[in-house]
>>> print(open('query.csv').read())   # CSV, C-alpha atoms
chain,number,residue,atom,x,y,z
D,1,MET,CA,0.0,0.0,0.0
D,2,LYS,CA,1.2,3.5,-0.9
D,3,ASP,CA,2.3,5.7,2.0
D,4,PHE,CA,-0.1,8.6,1.5
D,5,MET,CA,1.0,10.4,4.6
D,6,LEU,CA,4.5,10.6,3.1
D,7,GLU,CA,3.0,12.3,0.1
D,8,ALA,CA,1.4,14.8,2.4
D,9,VAL,CA,4.8,15.4,4.0
D,10,LYS,CA,6.2,16.1,0.5
D,11,GLU,CA,3.5,18.8,0.1
D,12,ALA,CA,4.5,20.3,3.5
D,13,LYS,CA,8.1,20.5,2.2
D,14,LYS,CA,6.9,22.4,-0.8
D,15,ALA,CA,5.2,24.9,1.5
D,16,LEU,CA,8.4,25.3,3.6
D,17,LYS,CA,10.4,26.0,0.5
D,18,LYS,CA,8.0,28.8,-0.4
D,19,ASP,CA,8.1,30.3,3.1
D,20,GLU,CA,4.6,29.1,3.8
D,21,VAL,CA,3.5,27.4,7.1
D,22,PRO,CA,4.6,23.8,6.3
D,23,ILE,CA,1.4,21.9,6.2
D,24,GLY,CA,0.5,19.5,3.4
D,25,ALA,CA,-2.5,17.4,2.4
D,26,VAL,CA,-3.4,14.8,-0.1
D,27,ILE,CA,-6.8,13.3,-1.0
D,28,VAL,CA,-7.2,9.7,-2.0
D,29,TYR,CA,-10.0,8.1,-3.9
D,30,ASN,CA,-10.0,4.3,-4.8
D,31,GLY,CA,-6.3,4.0,-3.7
D,32,GLU,CA,-5.1,6.9,-5.9
D,33,ILE,CA,-4.1,10.4,-5.0
D,34,ILE,CA,-6.5,12.7,-6.8
D,35,ALA,CA,-5.5,16.0,-5.2
D,36,ARG,CA,-2.6,17.6,-3.4
D,37,GLY,CA,-2.3,20.8,-1.5
D,38,PHE,CA,-0.1,22.8,0.7
D,39,ASN,CA,-0.6,26.1,2.5
D,40,LYS,CA,-0.6,29.1,0.1
D,41,ARG,CA,-1.9,31.9,2.3
D,42,GLN,CA,1.1,34.1,1.9
D,43,SER,CA,1.6,33.6,-1.8
D,44,THR,CA,-2.1,34.1,-2.6
D,45,GLN,CA,-2.8,36.6,0.2
D,46,ASN,CA,-6.0,34.5,0.8
D,47,ALA,CA,-6.8,33.6,4.4
D,48,ILE,CA,-8.6,30.3,3.4
D,49,HIS,CA,-5.8,28.8,1.3
D,50,HIS,CA,-4.9,26.2,3.9
D,51,ALA,CA,-3.5,22.9,2.6
D,52,GLU,CA,-6.8,21.0,3.2
D,53,ILE,CA,-8.9,23.6,1.4
D,54,VAL,CA,-6.6,23.7,-1.6
D,55,ALA,CA,-6.7,19.9,-1.8
D,56,ILE,CA,-10.5,19.8,-1.4
D,57,GLU,CA,-11.0,22.3,-4.2
D,58,LYS,CA,-8.8,20.2,-6.5
D,59,ALA,CA,-10.6,17.0,-5.6
D,60,CYS,CA,-14.0,18.5,-6.2
D,61,LYS,CA,-12.9,19.6,-9.6
D,62,ARG,CA,-11.4,16.2,-10.4
D,63,LEU,CA,-14.5,14.3,-9.4
D,64,LYS,CA,-16.9,17.0,-10.6
D,65,SER,CA,-18.7,16.9,-7.3
D,66,TRP,CA,-18.7,18.7,-3.9
D,67,ARG,CA,-19.3,15.3,-2.3
D,68,LEU,CA,-16.1,13.4,-1.6
D,69,ASP,CA,-17.9,10.6,0.2
D,70,ASP,CA,-15.4,7.8,-0.7
D,71,CYS,CA,-12.3,9.9,-0.2
D,72,ASP,CA,-9.7,10.0,2.5
D,73,ILE,CA,-7.6,13.0,3.4
D,74,TYR,CA,-4.1,12.8,4.8
D,75,VAL,CA,-2.8,16.0,6.5
D,76,THR,CA,0.4,16.7,8.2
D,77,LEU,CA,-1.2,18.7,11.0
D,78,GLU,CA,-4.5,18.3,12.9
D,79,PRO,CA,-6.9,20.5,11.0
D,80,CYS,CA,-8.0,23.9,12.2
D,81,PRO,CA,-11.8,24.6,12.8
D,82,MET,CA,-12.2,26.0,9.3
D,83,CYS,CA,-10.6,23.0,7.6
D,84,ALA,CA,-12.5,20.5,9.9
D,85,GLY,CA,-15.7,22.1,8.8
D,86,ALA,CA,-14.7,21.9,5.1
D,87,ILE,CA,-13.7,18.2,5.6
D,88,ALA,CA,-17.1,17.4,7.1
D,89,ASN,CA,-19.0,19.5,4.5
D,90,ALA,CA,-17.2,17.7,1.7
D,91,ARG,CA,-18.3,14.4,3.2
D,92,ILE,CA,-14.8,13.0,3.4
D,93,LYS,CA,-14.8,9.5,4.8
D,94,ASN,CA,-11.5,9.4,6.7
D,95,LEU,CA,-9.2,12.0,8.1
D,96,PHE,CA,-5.6,10.9,8.9
D,97,TYR,CA,-3.3,13.5,10.5
D,98,ALA,CA,0.3,13.2,11.5
D,99,CYS,CA,0.8,15.8,14.1
D,100,GLU,CA,-1.4,17.2,16.9
D,101,GLU,CA,-2.0,21.0,17.0
D,102,GLN,CA,0.3,22.1,19.9
D,103,THR,CA,-1.4,25.5,20.5
D,104,SER,CA,-4.8,23.9,21.3
D,105,LYS,CA,-5.3,20.9,23.6
D,106,ASP,CA,-9.1,21.2,23.6
D,107,ASN,CA,-9.8,18.5,20.9
D,108,LEU,CA,-11.6,21.2,18.9
D,109,CYS,CA,-11.1,19.4,15.5
D,110,LYS,CA,-12.5,16.2,17.0
D,111,SER,CA,-15.4,18.1,18.6
D,112,ILE,CA,-16.3,19.7,15.3
D,113,LEU,CA,-16.1,16.5,13.3
D,114,GLU,CA,-18.1,14.6,15.9
D,115,SER,CA,-20.7,17.3,16.5
D,116,ASP,CA,-24.4,16.2,16.6
D,117,ARG,CA,-25.1,19.2,14.5
D,118,LEU,CA,-23.5,17.6,11.5
D,119,ASN,CA,-25.3,14.9,9.4
D,120,HIS,CA,-22.0,13.5,8.2
D,121,LYS,CA,-19.4,11.9,10.5
D,122,VAL,CA,-15.7,11.7,9.6
D,123,ASN,CA,-13.6,8.9,10.9
D,124,ILE,CA,-10.5,10.5,12.6
D,125,VAL,CA,-7.2,8.7,12.7
D,126,PHE,CA,-4.0,10.1,14.4
D,127,ASP,CA,-1.2,8.6,12.3
D,128,ASP,CA,1.9,9.5,14.2
D,129,LYS,CA,4.5,7.8,11.9
D,130,TYR,CA,5.6,11.2,10.7
D,131,GLN,CA,4.8,13.2,13.8
D,132,LYS,CA,8.4,14.0,14.6
D,133,ILE,CA,9.3,15.4,11.2
D,134,CYS,CA,6.0,17.3,10.8
D,135,SER,CA,6.5,18.8,14.3
D,136,GLU,CA,10.1,19.7,13.4
D,137,PHE,CA,9.0,21.5,10.2
D,138,LEU,CA,6.6,23.6,12.1
D,139,SER,CA,8.9,24.4,15.0
D,140,GLU,CA,11.8,25.3,12.6
D,141,PHE,CA,9.4,27.5,10.5
D,142,PHE,CA,8.1,29.5,13.5
D,143,LYS,CA,11.5,29.8,15.2
D,144,ASN,CA,12.9,31.3,12.0
D,145,LYS,CA,10.0,33.7,11.8
D,146,ARG,CA,10.6,34.9,15.3
D,147,LYS,CA,14.3,35.8,14.5
>>> encode(input="query.csv", output="structure tokens")
Amino acid sequence: MKDFMLEAVKEAKKALKKDEVPIGAVIVYNGEIIARGFNKRQSTQNAIHHAEIVAIEKACKRLKSWRLDDCDIYVTLEPCPMCAGAIANARIKNLFYACEEQTSKDNLCKSILESDRLNHKVNIVFDDKYQKICSEFLSEFFKNKRK
């Protein structure tokens, strides 16, 4: 089986090279990557251009549908509230993420995705195989920004 999280890590590296917050995402349908994304907020000056949103937009275009029911998303960092909402609204089946959000220990992503207000539930999987490298990308990026 292909290591889809590694592909998301490659997307995060692209973001890092472009001086963007190093977060990457890939969307998989029927065992094939159909969309890739990395953060592009700085380069596009668009607040919603997070890796997950970029990938979801591409996947919707590829499948010609806003419903991504049989898709999985692999993300290098636990999604923010906006991205969690987009994942649920796109009806993505499974969310795999490699690194927990360090600034928020309140399980907000999980709370959003498991909310009774939503008619679609996303299966959430913390896949820590690449946690160390994803965490290091983020720490290095923000340490350099503070200099």
>>> closest_residue(input="query.csv", among="D:Ala86, D:Val28, D:Leu138, D:Cys60", to="Asp3 in chain D", atoms="only C-alpha atoms")
D:Val28
>>> closest_atom_pairs(input="query.csv", of="range 3-106 of chain D", to="range 111-119 of chain D", cutoff="12 Å", atoms="only C-alpha atoms", output="Markdown table")
| residue | atom | partner | partner_atom | distance |
| --- | --- | --- | --- | --- |
| D:Glu78 | CA | D:Leu113 | CA | 11.7 |
| D:Pro79 | CA | D:Leu113 | CA | 10.3 |
| D:Cys80 | CA | D:Ile112 | CA | 9.8 |
| D:Pro81 | CA | D:Ile112 | CA | 7.1 |
| D:Met82 | CA | D:Ile112 | CA | 9.6 |
| D:Cys83 | CA | D:Ile112 | CA | 10.1 |
| D:Ala84 | CA | D:Leu113 | CA | 6.4 |
| D:Gly85 | CA | D:Ile112 | CA | 7.0 |
| D:Ala86 | CA | D:Leu113 | CA | 9.9 |
| D:Ile87 | CA | D:Leu113 | CA | 8.2 |
| D:Ala88 | CA | D:Leu113 | CA | 6.3 |
| D:Asn89 | CA | D:Leu118 | CA | 8.5 |
| D:Ala90 | CA | D:Asn119 | CA | 11.5 |
| D:Arg91 | CA | D:Asn119 | CA | 9.4 |
| D:Ile92 | CA | D:Leu113 | CA | 10.6 |
| D:Lys93 | CA | D:Leu113 | CA | 11.1 |
| D:Asn94 | CA | D:Leu113 | CA | 10.7 |
| D:Leu95 | CA | D:Leu113 | CA | 9.7 |
| D:Lys105 | CA | D:Ser111 | CA | 11.6 |
| D:Asp106 | CA | D:Ser111 | CA | 8.6 |
>>> closest_residue(input="query.csv", among="D:Trp66, D:Phe126, D:Phe4, D:Phe137", to="Glu32 in chain D", atoms="only C-alpha atoms")
D:Phe4
>>> atom_distance(input="query.csv", atom1="CA of Phe141 in chain D", atom2="CA of Lys13 in chain D")
10.9 Å
>>> atom_distance(input="query.csv", atom1="CA of Lys129 in chain D", atom2="CA of Glu7 in chain D")
12.7 Å
>>> atom_distance(input="query.csv", atom1="CA of Arg62 in chain D", atom2="CA of Asp19 in chain D")
27.6 Å
>>> residues_around(input="query.csv", residues="range 96-103 of chain D", least_positions_apart="3", cutoff="7 Å", atoms="all atoms listed in the file", output="PyMOL selection string")
chain D and resi 73-78+124-131+134-135
>>> residues_around(input="query.csv", residues="Val26 in chain D", least_positions_apart="4", cutoff="10 Å", atoms="all atoms listed in the file", output="list in words")
Phe4, Met5, Leu6, Glu7, Ala8, Val9, Lys10, Glu11, Glu32, Ile33, Ile34, Ala35, Arg36, Gly37, Phe38, Ala51, Glu52, Val54, Ala55, Ile56, Lys58, Ala59, Asp72, Ile73, Tyr74, Val75 and Thr76 of chain D
>>> closest_residue(input="query.csv", among="D:Ile53, D:Ile48, D:Ile27, D:Cys109", to="Cys71 in chain D", atoms="only C-alpha atoms")
D:Ile27
>>> build_atoms(input="query.csv", residues="range 89-104 of chain D", atoms="N, CA and C atoms", output="CSV table (one decimal), in the coordinates of the input")
chain,number,residue,atom,x,y,z
D,89,ASN,N,-18.1,19.0,5.5
D,89,ASN,CA,-19.0,19.5,4.5
D,89,ASN,C,-18.7,18.8,3.2
D,90,ALA,N,-17.5,18.4,2.9
D,90,ALA,CA,-17.2,17.7,1.7
D,90,ALA,C,-17.5,16.2,1.8
D,91,ARG,N,-17.9,15.8,3.0
D,91,ARG,CA,-18.3,14.4,3.2
D,91,ARG,C,-17.2,13.4,3.1
D,92,ILE,N,-16.0,13.9,3.4
D,92,ILE,CA,-14.8,13.0,3.4
D,92,ILE,C,-15.0,11.9,4.4
D,93,LYS,N,-14.6,10.7,4.0
D,93,LYS,CA,-14.8,9.5,4.8
D,93,LYS,C,-13.9,9.5,6.0
D,94,ASN,N,-12.6,9.6,5.7
D,94,ASN,CA,-11.5,9.4,6.7
D,94,ASN,C,-10.6,10.5,6.7
D,95,LEU,N,-10.2,11.0,7.9
D,95,LEU,CA,-9.2,12.0,8.1
D,95,LEU,C,-8.0,11.4,8.8
D,96,PHE,N,-6.8,11.4,8.2
D,96,PHE,CA,-5.6,10.9,8.9
D,96,PHE,C,-4.7,12.2,9.1
D,97,TYR,N,-4.2,12.3,10.3
D,97,TYR,CA,-3.3,13.5,10.5
D,97,TYR,C,-2.1,13.0,11.3
D,98,ALA,N,-0.9,13.6,11.0
D,98,ALA,CA,0.3,13.2,11.5
D,98,ALA,C,0.8,13.8,12.8
D,99,CYS,N,0.3,15.0,13.0
D,99,CYS,CA,0.8,15.8,14.1
D,99,CYS,C,-0.3,16.5,14.8
D,100,GLU,N,-0.3,16.5,16.1
D,100,GLU,CA,-1.4,17.2,16.9
D,100,GLU,C,-1.1,18.7,16.9
D,101,GLU,N,-2.1,19.5,16.9
D,101,GLU,CA,-2.0,21.0,17.0
D,101,GLU,C,-1.5,21.3,18.5
D,102,GLN,N,-0.3,21.9,18.6
D,102,GLN,CA,0.3,22.1,19.9
D,102,GLN,C,-0.3,23.3,20.6
D,103,THR,N,-0.9,24.3,19.9
D,103,THR,CA,-1.4,25.5,20.5
D,103,THR,C,-2.8,25.3,21.1
D,104,SER,N,-3.4,24.1,20.9
D,104,SER,CA,-4.8,23.9,21.3
D,104,SER,C,-4.9,22.5,21.8
